[in-house]
file start02.csv (CSV, C-alpha atoms)
chain,number,residue,atom,x,y,z
N,1,MET,CA,0.0,0.0,0.0
N,2,ALA,CA,1.4,3.3,-1.1
N,3,LYS,CA,2.3,5.7,1.7
N,4,ARG,CA,-0.1,8.7,1.9
N,5,THR,CA,1.4,12.1,1.0
N,6,GLU,CA,1.2,15.1,3.2
N,7,TYR,CA,-1.5,16.5,0.8
N,8,GLN,CA,-3.7,13.4,1.5
N,9,LYS,CA,-3.1,13.6,5.2
N,10,GLN,CA,-4.1,17.2,5.3
N,11,ALA,CA,-7.3,16.5,3.2
N,12,ASP,CA,-8.3,13.7,5.5
N,13,LYS,CA,-7.7,15.7,8.7
N,14,ARG,CA,-9.7,18.7,7.4
N,15,THR,CA,-12.5,16.4,6.3
N,16,LYS,CA,-12.7,14.6,9.7
N,17,ASP,CA,-12.5,17.9,11.6
N,18,ALA,CA,-15.3,19.4,9.5
N,19,LEU,CA,-17.5,16.3,10.0
N,20,ARG,CA,-17.0,16.5,13.8
N,21,LEU,CA,-18.0,20.1,13.7
N,22,ARG,CA,-21.1,19.2,11.6
N,23,ALA,CA,-22.1,16.6,14.2
N,24,ARG,CA,-21.4,18.8,17.1
N,25,PHE,CA,-23.7,21.6,15.9
N,26,ASP,CA,-26.3,19.2,14.6
N,27,GLY,CA,-26.5,18.0,18.2
N,28,ARG,CA,-26.8,21.5,19.5
N,29,ILE,CA,-29.6,22.3,17.0
N,30,ARG,CA,-31.5,19.2,18.1
N,31,LYS,CA,-31.1,20.1,21.7
N,32,ALA,CA,-32.2,23.7,21.2
N,33,ALA,CA,-35.2,22.5,19.0
N,34,GLN,CA,-36.4,20.2,21.7
N,35,GLN,CA,-36.0,22.9,24.4
N,36,LEU,CA,-38.1,25.2,22.3
N,37,ILE,CA,-40.8,22.5,21.8
N,38,THR,CA,-40.9,22.0,25.6
N,39,ALA,CA,-41.0,25.7,26.3
N,40,ALA,CA,-43.8,26.3,23.8
N,41,ALA,CA,-45.8,23.5,25.5
N,42,GLY,CA,-45.2,25.2,28.9
N,43,ALA,CA,-46.3,28.6,27.5
N,44,LEU,CA,-49.5,27.0,26.2
N,45,ASP,CA,-50.2,25.5,29.6
N,46,ALA,CA,-49.7,28.9,31.2
N,47,ARG,CA,-52.1,30.4,28.6
N,48,ASN,CA,-54.8,27.9,29.3
N,49,ARG,CA,-54.5,28.5,33.1
N,50,LEU,CA,-54.7,32.3,32.7
N,51,ASN,CA,-57.7,31.9,30.4
N,52,ARG,CA,-59.5,29.9,33.0
N,53,ILE,CA,-58.6,32.4,35.7
N,54,ASN,CA,-60.1,35.2,33.5
N,55,GLN,CA,-63.3,33.1,33.2
N,56,LEU,CA,-63.6,32.2,36.9
N,57,TYR,CA,-62.8,35.5,38.4
N,58,GLY,CA,-64.0,38.0,35.8
N,59,VAL,CA,-60.5,39.5,35.3
N,60,ASP,CA,-58.6,40.3,32.2
N,61,ILE,CA,-55.0,39.2,32.6
N,62,SER,CA,-52.8,38.9,29.5
N,63,THR,CA,-52.4,35.2,28.8
N,64,GLU,CA,-49.1,35.2,27.0
N,65,THR,CA,-46.2,37.4,26.0
N,66,LEU,CA,-45.8,38.7,22.4
N,67,LEU,CA,-43.0,36.2,21.8
N,68,ALA,CA,-44.9,33.2,23.1
N,69,HIS,CA,-47.9,34.3,21.0
N,70,SER,CA,-45.7,34.6,17.9
N,71,VAL,CA,-44.2,31.1,18.5
N,72,ARG,CA,-47.7,29.6,19.0
N,73,THR,CA,-49.4,31.2,16.1
N,74,GLY,CA,-46.4,30.5,13.9
N,75,ASP,CA,-46.5,26.8,15.0
N,76,LEU,CA,-42.8,26.8,15.4
N,77,GLY,CA,-43.0,24.0,17.9
N,78,GLY,CA,-45.0,21.9,15.5
N,79,GLN,CA,-42.6,22.7,12.6
N,80,LEU,CA,-39.5,21.8,14.7
N,81,ALA,CA,-41.2,18.5,15.9
N,82,THR,CA,-41.8,17.6,12.2
N,83,LEU,CA,-38.2,18.4,11.2
N,84,LEU,CA,-36.8,16.4,14.1
N,85,GLY,CA,-39.0,13.5,13.1
N,86,GLU,CA,-37.7,13.6,9.5
N,87,SER,CA,-34.1,13.1,10.5
N,88,THR,CA,-32.1,11.2,13.1
N,89,PRO,CA,-28.8,11.9,14.9
N,90,GLY,CA,-25.8,10.5,13.1
N,91,GLU,CA,-27.4,10.4,9.7
N,92,GLU,CA,-25.4,10.8,6.5
N,93,VAL,CA,-22.5,8.8,7.7
N,94,GLN,CA,-19.4,9.7,5.7
N,95,LEU,CA,-17.7,6.7,4.1
N,96,PHE,CA,-14.1,7.7,3.4
N,97,ASN,CA,-12.6,6.9,0.0
N,98,PRO,CA,-8.8,7.4,-0.5
N,99,THR,CA,-8.2,11.1,-1.3
N,100,PRO,CA,-6.7,11.4,-4.8
N,101,ASP,CA,-3.2,12.8,-4.5
N,102,GLY,CA,-2.7,16.2,-5.9
N,103,ASN,CA,-0.5,19.3,-5.7
N,104,GLY,CA,2.6,17.1,-6.0
N,105,GLY,CA,1.8,15.7,-2.6
N,106,VAL,CA,2.5,19.0,-0.9
N,107,VAL,CA,0.0,20.5,1.6
N,108,LEU,CA,-2.2,23.3,0.6
N,109,ALA,CA,-2.0,26.8,2.2
N,110,LEU,CA,-3.7,27.2,5.5
N,111,GLU,CA,-7.2,28.7,5.5
N,112,ALA,CA,-9.2,30.5,8.1
N,113,VAL,CA,-12.3,28.6,7.2
N,114,PHE,CA,-10.7,25.5,8.7
N,115,GLY,CA,-9.9,27.3,11.9
N,116,GLU,CA,-6.2,27.2,10.9
N,117,VAL,CA,-3.8,29.9,12.1
N,118,LEU,CA,-2.3,31.6,9.0
N,119,THR,CA,1.4,31.8,9.7
N,120,PRO,CA,4.4,31.4,7.5
N,121,GLN,CA,4.8,27.8,6.6
N,122,ALA,CA,7.8,26.0,5.0
N,123,SER,CA,7.2,23.5,2.2
N,124,PRO,CA,8.2,19.9,2.8
N,125,LEU,CA,10.2,20.1,-0.4
N,126,GLY,CA,12.3,23.0,1.0
N,127,PRO,CA,12.1,26.7,1.3
N,128,GLY,CA,9.3,28.3,-0.7
N,129,PRO,CA,7.0,31.3,-0.7
N,130,LEU,CA,5.6,32.2,2.6
N,131,VAL,CA,1.9,32.0,3.3
N,132,PRO,CA,0.8,35.5,4.3
N,133,ALA,CA,-0.9,36.0,7.6
N,134,ALA,CA,-4.6,36.9,7.4
N,135,PRO,CA,-5.2,40.7,7.5
N,136,ALA,CA,-7.1,42.0,10.5
N,137,LEU,CA,-10.1,44.3,10.5
N,138,THR,CA,-10.0,47.4,12.6
N,139,LEU,CA,-12.6,48.4,15.1
N,140,THR,CA,-12.5,52.1,14.6
N,141,SER,CA,-15.2,52.9,17.1
N,142,PHE,CA,-17.2,51.0,19.7
N,143,THR,CA,-19.7,52.2,22.3
N,144,HIS,CA,-22.4,50.3,24.2
N,145,SER,CA,-24.9,51.1,27.0
N,146,TYR,CA,-27.1,48.8,29.0
N,147,SER,CA,-30.9,49.4,29.3
N,148,ALA,CA,-32.5,46.2,30.6
N,149,PRO,CA,-32.7,43.8,28.9
N,150,TYR,CA,-30.8,45.4,26.0
N,151,ASP,CA,-27.2,46.3,25.4
N,152,ASN,CA,-27.3,49.0,22.8
N,153,ILE,CA,-24.2,49.0,20.6
N,154,THR,CA,-22.8,51.4,18.0
N,155,LEU,CA,-19.7,50.3,16.2
N,156,GLN,CA,-17.7,51.0,13.0
N,157,VAL,CA,-15.3,48.5,11.3
N,158,ALA,CA,-12.7,49.1,8.6
N,159,SER,CA,-10.7,46.7,6.5
N,160,PRO,CA,-7.1,47.1,5.1
N,161,VAL,CA,-8.2,45.2,2.0
N,162,PRO,CA,-9.4,47.6,-0.7
N,163,THR,CA,-11.8,45.1,-2.3
N,164,ASP,CA,-13.7,44.4,0.9
N,165,MET,CA,-17.1,46.2,0.9
N,166,GLY,CA,-18.8,44.6,3.8
N,167,TYR,CA,-18.5,42.1,6.6
N,168,ASP,CA,-20.5,39.6,8.7
N,169,LEU,CA,-20.9,40.2,12.4
N,170,SER,CA,-21.9,37.7,15.1
N,171,PHE,CA,-22.2,37.6,18.9
N,172,ASP,CA,-21.7,34.6,21.2
N,173,VAL,CA,-24.9,35.1,23.2
N,174,PRO,CA,-28.0,32.9,23.4
N,175,GLY,CA,-29.9,33.3,20.2
N,176,SER,CA,-26.9,33.2,17.9
N,177,TYR,CA,-27.1,36.8,16.7
N,178,GLN,CA,-25.9,37.1,13.1
N,179,TYR,CA,-25.7,40.3,11.1
N,180,PRO,CA,-24.7,39.6,7.5
N,181,ASN,CA,-23.2,42.0,4.9
N,182,LEU,CA,-22.8,45.1,7.0
N,183,ALA,CA,-21.2,48.1,5.3
N,184,LEU,CA,-17.5,48.8,6.2
N,185,ASN,CA,-16.6,52.3,7.4
N,186,ASN,CA,-20.3,53.0,8.4
N,187,ALA,CA,-21.5,53.4,11.9
N,188,ILE,CA,-23.8,50.4,12.7
N,189,THR,CA,-26.3,50.5,15.7
N,190,LEU,CA,-27.9,47.4,17.0
N,191,SER,CA,-29.2,45.9,20.3
N,192,LEU,CA,-28.5,42.6,22.0
N,193,SER,CA,-31.2,41.0,24.1
N,194,PRO,CA,-31.6,39.4,26.5
N,195,VAL,CA,-28.4,40.2,28.3
N,196,MET,CA,-27.5,41.0,31.9
N,197,PRO,CA,-24.9,43.3,33.5
N,198,GLY,CA,-21.6,41.6,34.0
N,199,GLN,CA,-22.2,39.2,31.1
N,200,VAL,CA,-19.1,38.8,28.9
N,201,VAL,CA,-19.8,38.9,25.2
N,202,THR,CA,-17.4,38.2,22.3
N,203,MET,CA,-18.2,39.6,18.9
N,204,THR,CA,-16.6,38.4,15.6
N,205,ALA,CA,-16.4,40.3,12.3
N,206,VAL,CA,-15.3,38.6,9.1
N,207,ALA,CA,-14.9,40.2,5.7
N,208,ALA,CA,-14.9,38.4,2.3
N,209,SER,CA,-11.1,38.6,2.1
N,210,GLY,CA,-10.8,36.6,5.3
N,211,ALA,CA,-9.8,39.7,7.3
N,212,ARG,CA,-11.4,39.4,10.7
N,213,LEU,CA,-11.4,40.7,14.3
N,214,THR,CA,-12.7,39.6,17.6
N,215,HIS,CA,-13.7,42.0,20.4
N,216,THR,CA,-14.7,41.0,23.9
N,217,PHE,CA,-16.7,43.3,26.2
N,218,THR,CA,-18.7,43.2,29.4
N,219,VAL,CA,-22.3,44.3,29.5
N,220,GLY,CA,-22.8,47.2,31.8
N,221,GLN,CA,-19.2,48.3,31.7
N,222,GLU,CA,-17.7,51.2,29.8
N,223,PRO,CA,-15.9,50.1,26.6
N,224,GLU,CA,-12.2,50.4,26.3
N,225,ILE,CA,-12.4,51.9,22.8
call {"tool": "encode", "arguments": {"input": "start02.csv", "output": "structure tokens"}}
result
Amino acid sequence: MAKRTEYQKQADKRTKDALRLRARFDGRIRKAAQQLITAAAGALDARNRLNRINQLYGVDISTETLLAHSVRTGDLGGQLATLLGESTPGEEVQLFNPTPDGNGGVVLALEAVFGEVLTPQASPLGPGPLVPAAPALTLTSFTHSYSAPYDNITLQVASPVPTDMGYDLSFDVPGSYQYPNLALNNAITLSLSPVMPGQVVTMTAVAASGARLTHTFTVGQEPEI
């Protein structure tokens, strides 16, 4: 059996890592979906109880919040239950076939999409061109203020890459906030909710060129920028 080249080893590692990531977040989606189904059922129970209280005691208490109402009337719980029933954990098992050798057996350049740190790398065949480090976006301004349950944020991002026109922004808070294709060099205002004072939040911005930045801040504390 022919010995695998570095190119083939790199391809197999990237594939296995990506499949593990797929499985991990599939599991998280399933868990979150089941939690929402359970929460929607609980909200419906609360609504039924409050309806009965209104009938028994001649009062007029709101039976559900706007969010719970939207989830119920949109049948999100039912839709998620259907989707969960249509698939099972561990489906689409990947059967590995030998990776065809390519690139002369030499590893490809590191890429941020694989979570690889872009640093200068020497070729196994000897000195070669350096792999440039990924450029970094600049957080030119950042302010935020807390007003329960919101953290109101204004920020501006710039890129050193002339071809970059926009960027994607995300926050690691419950709800997986995603803000795609925001304009570079423009002040952006948004609100995170629900958050609490003292909560540590990390935001990540990524442009099309791969230029990125991460910025961590604490809700209720003055920003450093």
call {"tool": "closest_residue", "arguments": {"input": "start02.csv", "among": "N:Gln55, N:Ser191, N:Asn185, N:Thr15", "to": "Thr154 in chain N", "atoms": "only C-alpha atoms"}}
result
N:Ser191
call {"tool": "closest_residue", "arguments": {"input": "start02.csv", "among": "N:Ala136, N:Val173, N:Leu36, N:Leu190", "to": "Ala205 in chain N", "atoms": "all atoms listed in the file"}}
result
N:Ala136
call {"tool": "residues_around", "arguments": {"input": "start02.csv", "residues": "range 208-210 of chain N", "least_positions_apart": "3", "cutoff": "12 Å", "atoms": "all atoms listed in the file", "output": "ChimeraX atom specification"}}
result
/N:110-118,132-137,159-169,180-184,204-205,213
call {"tool": "write_last_selection", "arguments": {"input": "start02.csv", "atoms": "C-alpha atoms", "output": "PDB file, in the frame of the given file"}}
result
ATOM      1  CA  LEU N 110      -3.700  27.200   5.500  1.00  0.00           C
ATOM      2  CA  GLU N 111      -7.200  28.700   5.500  1.00  0.00           C
ATOM      3  CA  ALA N 112      -9.200  30.500   8.100  1.00  0.00           C
ATOM      4  CA  VAL N 113     -12.300  28.600   7.200  1.00  0.00           C
ATOM      5  CA  PHE N 114     -10.700  25.500   8.700  1.00  0.00           C
ATOM      6  CA  GLY N 115      -9.900  27.300  11.900  1.00  0.00           C
ATOM      7  CA  GLU N 116      -6.200  27.200  10.900  1.00  0.00           C
ATOM      8  CA  VAL N 117      -3.800  29.900  12.100  1.00  0.00           C
ATOM      9  CA  LEU N 118      -2.300  31.600   9.000  1.00  0.00           C
ATOM     10  CA  PRO N 132       0.800  35.500   4.300  1.00  0.00           C
ATOM     11  CA  ALA N 133      -0.900  36.000   7.600  1.00  0.00           C
ATOM     12  CA  ALA N 134      -4.600  36.900   7.400  1.00  0.00           C
ATOM     13  CA  PRO N 135      -5.200  40.700   7.500  1.00  0.00           C
ATOM     14  CA  ALA N 136      -7.100  42.000  10.500  1.00  0.00           C
ATOM     15  CA  LEU N 137     -10.100  44.300  10.500  1.00  0.00           C
ATOM     16  CA  SER N 159     -10.700  46.700   6.500  1.00  0.00           C
ATOM     17  CA  PRO N 160      -7.100  47.100   5.100  1.00  0.00           C
ATOM     18  CA  VAL N 161      -8.200  45.200   2.000  1.00  0.00           C
ATOM     19  CA  PRO N 162      -9.400  47.600  -0.700  1.00  0.00           C
ATOM     20  CA  THR N 163     -11.800  45.100  -2.300  1.00  0.00           C
ATOM     21  CA  ASP N 164     -13.700  44.400   0.900  1.00  0.00           C
ATOM     22  CA  MET N 165     -17.100  46.200   0.900  1.00  0.00           C
ATOM     23  CA  GLY N 166     -18.800  44.600   3.800  1.00  0.00           C
ATOM     24  CA  TYR N 167     -18.500  42.100   6.600  1.00  0.00           C
ATOM     25  CA  ASP N 168     -20.500  39.600   8.700  1.00  0.00           C
ATOM     26  CA  LEU N 169     -20.900  40.200  12.400  1.00  0.00           C
ATOM     27  CA  PRO N 180     -24.700  39.600   7.500  1.00  0.00           C
ATOM     28  CA  ASN N 181     -23.200  42.000   4.900  1.00  0.00           C
ATOM     29  CA  LEU N 182     -22.800  45.100   7.000  1.00  0.00           C
ATOM     30  CA  ALA N 183     -21.200  48.100   5.300  1.00  0.00           C
ATOM     31  CA  LEU N 184     -17.500  48.800   6.200  1.00  0.00           C
ATOM     32  CA  THR N 204     -16.600  38.400  15.600  1.00  0.00           C
ATOM     33  CA  ALA N 205     -16.400  40.300  12.300  1.00  0.00           C
ATOM     34  CA  LEU N 213     -11.400  40.700  14.300  1.00  0.00           C
TER      35      LEU N 213
END
call {"tool": "atom_distance", "arguments": {"input": "start02.csv", "atom1": "CA of Asp172 in chain N", "atom2": "CA of Ala187 in chain N"}}
result
21.0 Å
call {"tool": "atom_distance", "arguments": {"input": "start02.csv", "atom1": "CA of Val200 in chain N", "atom2": "CA of Gln221 in chain N"}}
result
9.9 Å
call {"tool": "atom_distance", "arguments": {"input": "start02.csv", "atom1": "CA of Glu6 in chain N", "atom2": "CA of Asn97 in chain N"}}
result
16.4 Å
call {"tool": "residues_around", "arguments": {"input": "start02.csv", "residues": "Asn152 in chain N", "least_positions_apart": "3", "cutoff": "12 Å", "atoms": "only C-alpha atoms", "output": "list of chain:residue names"}}
result
N:Phe142, N:Thr143, N:His144, N:Ser145, N:Tyr146, N:Ser147, N:Ala148, N:Pro149, N:Leu155, N:Ile188, N:Thr189, N:Leu190, N:Ser191, N:Leu192, N:Ser193, N:Pro194, N:Val195, N:Val219, N:Gly220
call {"tool": "closest_residue", "arguments": {"input": "start02.csv", "among": "N:Ala211, N:Thr216, N:Arg28, N:Tyr7", "to": "Pro98 in chain N", "atoms": "all atoms listed in the file"}}
result
N:Tyr7
call {"tool": "residues_near_point", "arguments": {"input": "start02.csv", "point": "(-11.0, 50.4, 9.1)", "cutoff": "6 Å", "atoms": "only C-alpha atoms", "output": "list in words"}}
result
Thr138, Thr140, Val157, Ala158 and Ser159 of chain N
call {"tool": "closest_residue", "arguments": {"input": "start02.csv", "among": "N:Gln34, N:Gln8, N:Asn103, N:Thr218", "to": "Gly77 in chain N", "atoms": "all atoms listed in the file"}}
result
N:Gln34
call {"tool": "residues_around", "arguments": {"input": "start02.csv", "residues": "Ile37 in chain N", "least_positions_apart": "2", "cutoff": "8 Å", "atoms": "only C-alpha atoms", "output": "tab-separated table (two decimals) with C-alpha atoms, keeping the file's coordinate frame"}}
result
chain	number	residue	atom	x	y	z
N	33	ALA	CA	-35.20	22.50	19.00
N	34	GLN	CA	-36.40	20.20	21.70
N	35	GLN	CA	-36.00	22.90	24.40
N	39	ALA	CA	-41.00	25.70	26.30
N	40	ALA	CA	-43.80	26.30	23.80
N	41	ALA	CA	-45.80	23.50	25.50
N	76	LEU	CA	-42.80	26.80	15.40
N	77	GLY	CA	-43.00	24.00	17.90
N	78	GLY	CA	-45.00	21.90	15.50
N	80	LEU	CA	-39.50	21.80	14.70
N	81	ALA	CA	-41.20	18.50	15.90
call {"tool": "closest_residue", "arguments": {"input": "start02.csv", "among": "N:Asn186, N:Asp45, N:Gly102, N:Leu19", "to": "Ala68 in chain N", "atoms": "all atoms listed in the file"}}
result
N:Asp45
call {"tool": "closest_residue", "arguments": {"input": "start02.csv", "among": "N:Gly58, N:Ala109, N:Leu84, N:Asn51", "to": "Lys31 in chain N", "atoms": "all atoms listed in the file"}}
result
N:Leu84
